[in-house]
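Just upload.txt here, compact mmCIF, C-alpha atoms:
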# COMPACT_ATOMS: atom_id res chain seq x y z
CA MET A 309 -71.00 21.22 -6.58
CA SER A 310 -73.80 20.38 -8.91
CA ASP A 311 -75.05 17.02 -10.12
CA LYS A 312 -77.64 18.45 -12.48
CA LYS A 313 -75.46 18.73 -15.57
CA THR A 314 -73.35 16.07 -17.16
CA ILE A 315 -69.69 16.69 -17.63
CA HIS A 316 -70.15 17.11 -21.38
CA GLU A 317 -72.93 19.66 -20.94
CA VAL A 318 -70.68 21.72 -18.71
CA ALA A 319 -67.85 21.52 -21.25
CA GLU A 320 -70.20 22.66 -24.03
CA HIS A 321 -71.54 25.48 -21.89
CA GLU A 322 -68.03 26.70 -21.06
CA LYS A 323 -66.98 26.48 -24.72
CA HIS A 324 -70.01 28.49 -25.76
CA ALA A 325 -69.23 31.14 -23.15
CA VAL A 326 -65.67 31.45 -24.44
CA GLN A 327 -66.90 31.72 -28.04
CA GLN A 328 -69.22 34.51 -26.95
CA GLN A 329 -66.35 36.29 -25.27
CA ASP A 330 -64.15 35.80 -28.34
CA ALA A 331 -66.90 37.40 -30.43
CA GLY A 332 -66.90 40.40 -28.15
CA GLU A 333 -70.18 39.56 -26.43
CA PRO A 334 -71.52 40.40 -23.98
CA SER A 335 -68.55 42.51 -22.90
CA GLU A 336 -65.15 43.14 -24.39
CA ALA A 337 -63.00 41.25 -21.95
CA ALA A 338 -59.59 39.71 -22.50
CA VAL A 339 -60.25 35.98 -22.07
CA LEU A 340 -57.38 33.92 -20.75
CA LYS A 341 -57.84 30.17 -20.71
CA VAL A 342 -55.90 28.52 -17.95
CA GLU A 343 -55.35 24.90 -16.96
CA PRO A 344 -55.00 25.27 -13.21
CA ALA A 345 -52.03 23.75 -11.40
CA ALA A 346 -53.09 20.98 -9.03
CA ASN A 347 -51.77 18.77 -6.28
CA ILE A 348 -53.22 15.33 -5.60
CA TYR A 349 -53.03 13.65 -2.21
CA GLU A 350 -54.09 10.28 -0.87
CA THR A 351 -54.86 9.05 2.62
CA GLU A 352 -56.23 5.70 3.73
CA THR A 353 -59.78 6.99 3.42
CA ASP A 354 -59.73 9.81 0.82
CA PHE A 355 -58.22 11.35 -2.25
CA TYR A 356 -57.76 15.12 -2.35
CA ILE A 357 -57.36 17.42 -5.34
CA VAL A 358 -56.04 20.91 -4.56
CA ALA A 359 -56.23 23.38 -7.48
CA ASP A 360 -55.34 27.06 -7.89
CA LEU A 361 -58.31 29.16 -9.05
CA PRO A 362 -57.25 32.73 -8.25
CA GLY A 363 -60.11 35.22 -8.39
CA ALA A 364 -62.86 32.58 -8.46
CA VAL A 365 -65.77 32.67 -6.04
CA ALA A 366 -67.64 29.53 -5.01
CA GLU A 367 -70.72 30.30 -7.16
CA ASP A 368 -68.58 30.37 -10.31
CA VAL A 369 -66.86 27.04 -9.72
CA ASN A 370 -68.26 23.86 -11.25
CA VAL A 371 -66.92 20.51 -10.12
CA ILE A 372 -68.53 17.66 -11.99
CA ALA A 373 -67.80 13.98 -11.46
CA ASP A 374 -69.26 11.70 -14.08
CA GLY A 375 -68.24 8.07 -14.14
CA SER A 376 -64.48 7.95 -14.38
CA SER A 377 -64.05 11.65 -15.24
CA LEU A 378 -63.90 14.70 -13.07
CA ALA A 379 -63.89 18.26 -14.40
CA ILE A 380 -63.08 21.46 -12.61
CA ALA A 381 -64.33 24.52 -14.49
CA ALA A 382 -64.44 28.07 -13.18
CA LYS A 383 -64.68 31.65 -14.32
CA ALA A 384 -62.82 34.42 -12.57
CA PRO A 385 -63.56 37.87 -13.92
CA VAL A 386 -61.27 40.73 -12.93
CA ALA A 387 -63.30 43.82 -13.71
CA ARG A 388 -61.51 46.88 -14.96
CA PRO A 389 -61.48 49.25 -12.00
CA GLU A 390 -63.91 52.13 -12.42
CA GLY A 391 -62.49 55.09 -14.25
CA MET A 392 -59.43 53.21 -15.51
CA ASP A 393 -58.45 52.82 -19.15
CA GLY A 394 -58.14 49.29 -20.51
CA GLU A 395 -60.31 46.20 -20.58
CA ASP A 396 -61.79 43.61 -18.25
CA VAL A 397 -59.92 40.36 -17.79
CA LEU A 398 -61.69 37.01 -17.64
CA ARG A 399 -59.80 33.94 -16.47
CA GLN A 400 -61.38 30.72 -17.65
CA PHE A 401 -60.14 27.69 -15.73
CA GLU A 402 -60.68 24.15 -16.92
CA ARG A 403 -59.02 20.87 -16.09
CA TRP A 404 -60.04 17.25 -16.42
CA PHE A 405 -58.96 14.31 -14.33
CA SER A 406 -59.53 10.59 -14.66
CA LEU A 407 -60.80 9.18 -11.41
CA PRO A 408 -59.52 5.89 -10.04
CA ASP A 409 -62.04 3.16 -9.32
CA GLY A 410 -63.60 3.08 -5.90
CA VAL A 411 -64.29 6.80 -5.34
CA ASP A 412 -67.59 7.55 -3.62
CA GLN A 413 -68.57 10.53 -5.80
CA SER A 414 -71.80 11.20 -3.93
CA ALA A 415 -69.83 11.96 -0.76
CA ALA A 416 -67.35 14.37 -2.40
CA GLU A 417 -66.87 17.78 -0.80
CA ALA A 418 -65.35 20.98 -2.20
CA ARG A 419 -64.09 24.07 -0.41
CA LEU A 420 -62.68 27.31 -1.85
CA THR A 421 -60.32 29.45 0.23
CA ASP A 422 -58.19 32.35 -1.02
CA GLY A 423 -58.52 31.15 -4.61
CA VAL A 424 -57.54 27.56 -3.76
CA LEU A 425 -60.04 24.75 -4.32
CA THR A 426 -59.73 21.70 -2.07
CA LEU A 427 -61.74 18.72 -3.20
CA ARG A 428 -62.16 15.68 -0.96
CA LEU A 429 -63.09 12.46 -2.73
CA PRO A 430 -63.81 9.71 -0.17
CA LYS A 431 -62.88 6.16 -1.10
CA ALA A 432 -65.74 3.73 -1.16
CA ALA A 433 -65.55 1.37 1.82
CA GLU A 434 -64.70 -1.62 -0.37
CA ALA A 435 -61.83 0.26 -2.03
CA ARG A 436 -60.02 1.03 1.21
CA ALA A 437 -57.01 -0.98 2.24
CA HIS A 438 -57.78 -3.51 4.94
CA ARG A 439 -55.30 -4.71 7.47
CA ILE A 440 -55.45 -8.47 7.79
CA ALA A 441 -54.91 -9.73 11.24
CA VAL A 442 -52.33 -12.48 11.47
CA LYS A 443 -53.10 -15.03 14.11
CA GLY A 444 -50.43 -16.99 15.86
CA SER A 445 -50.89 -20.71 16.11
CA MET B 103 -54.20 3.45 -10.41
CA MET B 104 -53.82 6.22 -12.94
CA TRP B 105 -54.35 9.95 -12.60
CA ASN B 106 -54.40 10.86 -16.24
CA ASP B 107 -55.78 14.30 -16.73
CA ARG B 108 -56.25 16.20 -19.99
CA HIS B 109 -58.41 13.83 -21.85
CA PRO B 110 -58.91 13.80 -24.68
CA MET B 111 -55.37 14.95 -25.46
CA ASN B 112 -55.20 17.62 -28.13
CA LEU B 113 -52.63 19.97 -29.56
CA TRP B 114 -53.43 22.78 -27.18
CA ASP B 115 -53.01 20.45 -24.18
CA ALA B 116 -49.68 19.31 -25.56
CA PHE B 117 -48.58 22.93 -25.85
CA SER B 118 -49.72 23.69 -22.29
CA GLU B 119 -47.78 20.71 -21.03
CA MET B 120 -44.69 21.85 -22.89
CA GLN B 121 -45.06 25.34 -21.43
CA ARG B 122 -45.43 23.86 -17.95
CA VAL B 123 -42.25 21.82 -18.39
CA PHE B 124 -40.35 24.90 -19.58
CA ASP B 125 -41.64 26.85 -16.60
CA GLU B 126 -40.59 24.13 -14.19
CA VAL B 127 -37.12 23.88 -15.73
CA GLY B 128 -36.74 27.66 -15.58
CA ARG B 129 -37.86 27.56 -11.96
CA ASP B 130 -35.24 24.95 -11.10
CA PHE B 131 -32.47 27.02 -12.66
CA ALA B 132 -33.66 30.18 -10.92
CA GLY B 133 -33.67 28.40 -7.58
CA GLY B 134 -37.20 29.57 -6.95
CA VAL B 135 -40.09 30.78 -9.02
CA GLY B 136 -39.47 32.77 -12.15
CA ALA B 137 -39.42 36.55 -12.16
CA ASP B 138 -42.84 36.47 -13.83
CA TYR B 139 -44.66 35.30 -10.71
CA PRO B 140 -47.17 36.52 -9.73
CA ALA B 141 -49.08 37.19 -12.97
CA MET B 142 -50.22 40.82 -12.96
CA ASN B 143 -52.70 43.12 -14.67
CA LEU B 144 -52.31 46.88 -14.77
CA TRP B 145 -54.75 49.65 -15.61
CA SER B 146 -54.09 53.37 -15.59
CA ASN B 147 -55.63 56.77 -16.06
CA ASP B 148 -54.36 60.33 -15.59
CA HIS B 149 -54.77 60.12 -11.82
CA GLY B 150 -53.25 56.77 -10.95
CA LEU B 151 -52.95 53.04 -11.42
CA ALA B 152 -54.76 49.87 -10.48
CA VAL B 153 -52.78 46.63 -10.29
CA THR B 154 -53.92 43.07 -9.66
CA ALA B 155 -51.57 40.19 -8.87
CA GLU B 156 -52.69 36.56 -8.83
CA MET B 157 -51.34 34.74 -5.81
CA PRO B 158 -53.73 32.05 -4.57
CA GLY B 159 -53.22 30.59 -1.11
CA VAL B 160 -50.94 33.35 0.16
CA ASP B 161 -51.15 34.57 3.73
CA SER B 162 -51.52 38.33 3.26
CA LYS B 163 -49.39 38.89 6.39
CA THR B 164 -46.36 37.66 4.43
CA LEU B 165 -46.80 40.32 1.73
CA ASP B 166 -44.29 43.12 1.44
CA ILE B 167 -45.26 45.74 -1.12
CA SER B 168 -43.00 48.70 -1.86
CA THR B 169 -42.58 51.44 -4.42
CA VAL B 170 -39.52 53.47 -5.28
CA GLY B 171 -40.17 56.10 -7.93
CA ASN B 172 -41.95 54.21 -10.70
CA THR B 173 -40.86 50.72 -9.60
CA LEU B 174 -43.34 48.50 -7.79
CA THR B 175 -42.04 45.45 -5.91
CA ILE B 176 -44.20 42.72 -4.42
CA ARG B 177 -42.65 40.06 -2.20
CA GLY B 178 -44.42 37.26 -0.40
CA ARG B 179 -44.48 33.65 0.64
CA ARG B 180 -46.84 30.79 0.00
CA THR B 181 -46.78 27.79 2.29
CA VAL B 182 -48.43 24.64 0.90
CA SER B 183 -49.24 21.82 3.28
CA PRO B 184 -51.26 18.62 2.78
CA PRO B 185 -55.00 18.98 3.41
CA VAL B 186 -54.68 16.51 6.27
CA GLU B 187 -51.64 15.42 8.20
CA GLY B 188 -49.92 12.34 6.82
CA ALA B 189 -51.50 12.54 3.36
CA LYS B 190 -49.25 11.13 0.62
CA CYS B 191 -48.64 13.50 -2.28
CA LEU B 192 -49.29 11.80 -5.65
CA ARG B 193 -48.86 14.90 -7.80
CA ASP B 194 -47.02 18.04 -6.81
CA GLU B 195 -47.53 21.00 -9.12
CA ILE B 196 -48.14 23.58 -6.40
CA GLY B 197 -45.23 23.94 -4.03
CA SER B 198 -44.33 26.30 -1.23
CA LEU B 199 -42.51 29.29 -2.62
CA GLU B 200 -41.06 32.70 -1.91
CA PHE B 201 -41.54 35.23 -4.64
CA SER B 202 -40.42 38.70 -5.55
CA ARG B 203 -41.49 40.61 -8.62
CA SER B 204 -40.67 44.15 -9.64
CA ILE B 205 -42.36 45.99 -12.47
CA GLN B 206 -41.85 49.40 -13.99
CA LEU B 207 -44.93 51.58 -13.75
CA PRO B 208 -45.70 54.17 -16.46
CA PHE B 209 -45.12 57.00 -13.96
CA ASP B 210 -44.04 57.70 -10.36
CA VAL B 211 -46.64 56.92 -7.71
CA ASP B 212 -47.36 58.24 -4.25
CA ALA B 213 -46.52 55.35 -1.89
CA ASP B 214 -48.35 56.96 1.04
CA SER B 215 -51.68 56.86 -0.76
CA ALA B 216 -51.40 53.19 -1.83
CA VAL B 217 -54.29 50.90 -0.90
CA ALA B 218 -53.84 47.10 -0.93
CA ASP B 219 -56.56 44.48 -0.59
CA TYR B 220 -56.14 40.68 -0.84
CA ARG B 221 -59.28 38.70 -1.68
CA ASN B 222 -60.04 35.37 -3.39
CA GLY B 223 -56.36 34.82 -4.08
CA ILE B 224 -55.83 38.14 -5.86
CA LEU B 225 -54.01 41.20 -4.55
CA HIS B 226 -55.66 44.47 -5.61
CA LEU B 227 -53.53 47.60 -5.47
CA SER B 228 -54.59 51.17 -6.00
CA LEU B 229 -51.81 53.72 -6.52
CA LYS B 230 -52.19 57.47 -6.94
CA ARG B 231 -50.16 59.64 -9.21
CA PRO B 232 -48.68 62.62 -7.35
CA GLU B 233 -49.53 66.07 -8.69
CA SER B 234 -45.84 66.66 -9.34
CA SER B 235 -45.68 63.83 -11.89
CA LYS B 236 -48.91 64.64 -13.72
CA PRO B 237 -48.52 66.07 -17.19
CA ARG B 238 -48.87 69.81 -17.35
CA ARG B 239 -50.00 72.00 -20.15
CA ILE B 240 -47.45 74.65 -20.85
CA ALA B 241 -48.83 77.92 -22.02
CA VAL B 242 -47.20 79.26 -25.11
CA SER B 243 -46.98 83.00 -25.17
CA SER B 244 -46.67 84.79 -28.41
CA ALA B 245 -43.88 87.25 -28.78
CA SER B 246 -45.75 89.53 -31.14
CA ALA B 247 -45.21 93.12 -30.21

Is it possible to express this structure as structure tokens?
Amino acid sequence: MSDKKTIHEVAEHEKHAVQQQDAGEPSEAAVLKVEPAANIYETETDFYIVADLPGAVAEDVNVIADGSSLAIAAKAPVARPEGMDGEDVLRQFERWFSLPDGVDQSAAEARLTDGVLTLRLPKAAEARAHRIAVKGS
Amino acid sequence: MMWNDRHPMNLWDAFSEMQRVFDEVGRDFAGGVGADYPAMNLWSNDHGLAVTAEMPGVDSKTLDISTVGNTLTIRGRRTVSPPVEGAKCLRDEIGSLEFSRSIQLPFDVDADSAVADYRNGILHLSLKRPESSKPRRIAVSSASA
């Protein structure tokens, strides 16, 4: 995860990269834009987003939380095997989510395993449900 | 609380959503995933083929890959479980599934020489073309006497 770029800068950067690919630069790859499928889970303390990013490696995955928005953007190139006829394939993943209030973005964690991204978004302490003790008289 | 993704909404997003709904409906009718899962790429040359199949989150031990003549079949299973026990699922687009896909290859392949490698959610297959199925140049003799 990176907190150096804003969500809009990342979106612009990705768009530029796609335009370059569309123009046949720097390599002639077939670019496939994909909105990854995702599951969302909730526990008492966290939200989780699980997203399919087949072929992506951790260095090529950007997860940016900015205010109430969260973007997952990744590139997954499948190089044409050496000596084969045909072209490279570049998967370009992008999906945006609106975050609920009360997510502690600074404590978010992301893990990538077998092309599946698991993002843990802890709830801020004040946003967690509290059990209220009921006293007997 | 709202989990609205795709913002701002545009025509392309609307089309993607429509495609997703069609896919899900097709899946329901098929009683599993469609015959087009997993998505595959195929490259070839005179000596063989390279195939990739996108199947994130699959335990490679569940994969069953077979070839008969020029037909390649890939079967497998993906088991999806919550990231932690007891988590409530708010959106469920990725489910557990069993899949089977067969494709016709441009020529027969030698099953014994096949090499399979699963990494980063993609299966990479390398298949050799047997000598017997390679194109041969036929010499033309002239009958001039």

Please identify every residue of chain A that has at least one atom no more than 10 Å from any atom of chain B, counting all atoms listed in the file, and report them as an NGL selection string.
:A and (342-366 or 377-379 or 384 or 386 or 388-397 or 402-409 or 420-428)

Within 9 Å of (-51.9, 53.6, -0.4) (coordinates as in the file), grab all the protein and nucleic acid residues, counting all atoms listed in the file, and write them out as a PyMOL selection string.
chain B and resi 212-218+227-230

Write the residues you've just listed into a file as an mmCIF file, in the coordinates of the input, and include C-alpha atoms for each of them.
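Full text of part_18.cif as output:
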data_model
loop_
_atom_site.group_PDB
_atom_site.id
_atom_site.type_symbol
_atom_site.label_atom_id
_atom_site.label_comp_id
_atom_site.auth_asym_id
_atom_site.auth_seq_id
_atom_site.Cartn_x
_atom_site.Cartn_y
_atom_site.Cartn_z
ATOM 1 C CA ASP B 212 -47.360 58.240 -4.250
ATOM 2 C CA ALA B 213 -46.520 55.350 -1.890
ATOM 3 C CA ASP B 214 -48.350 56.960 1.040
ATOM 4 C CA SER B 215 -51.680 56.860 -0.760
ATOM 5 C CA ALA B 216 -51.400 53.190 -1.830
ATOM 6 C CA VAL B 217 -54.290 50.900 -0.900
ATOM 7 C CA ALA B 218 -53.840 47.100 -0.930
ATOM 8 C CA LEU B 227 -53.530 47.600 -5.470
ATOM 9 C CA SER B 228 -54.590 51.170 -6.000
ATOM 10 C CA LEU B 229 -51.810 53.720 -6.520
ATOM 11 C CA LYS B 230 -52.190 57.470 -6.940
#

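The nearest approach to Leu398 (chain A) among the residues A:Gly410, A:Gly375, A:Pro385, A:Pro430, with all atoms listed in the file taken into account, belongs to A:Pro385.
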
Quote the spacing between CA of Lys341 (chain A) and CA of Leu165 (chain B) in Å to one decimal place.
27.0 Å

Could you check how far CA of Ala337 (chain A) sits from CA of Gln400 (chain A), in Å to one decimal?
11.5 Å

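Put simply, CA of Ala387 (chain A) is 28.0 Å away from CA of Thr181 (chain B).
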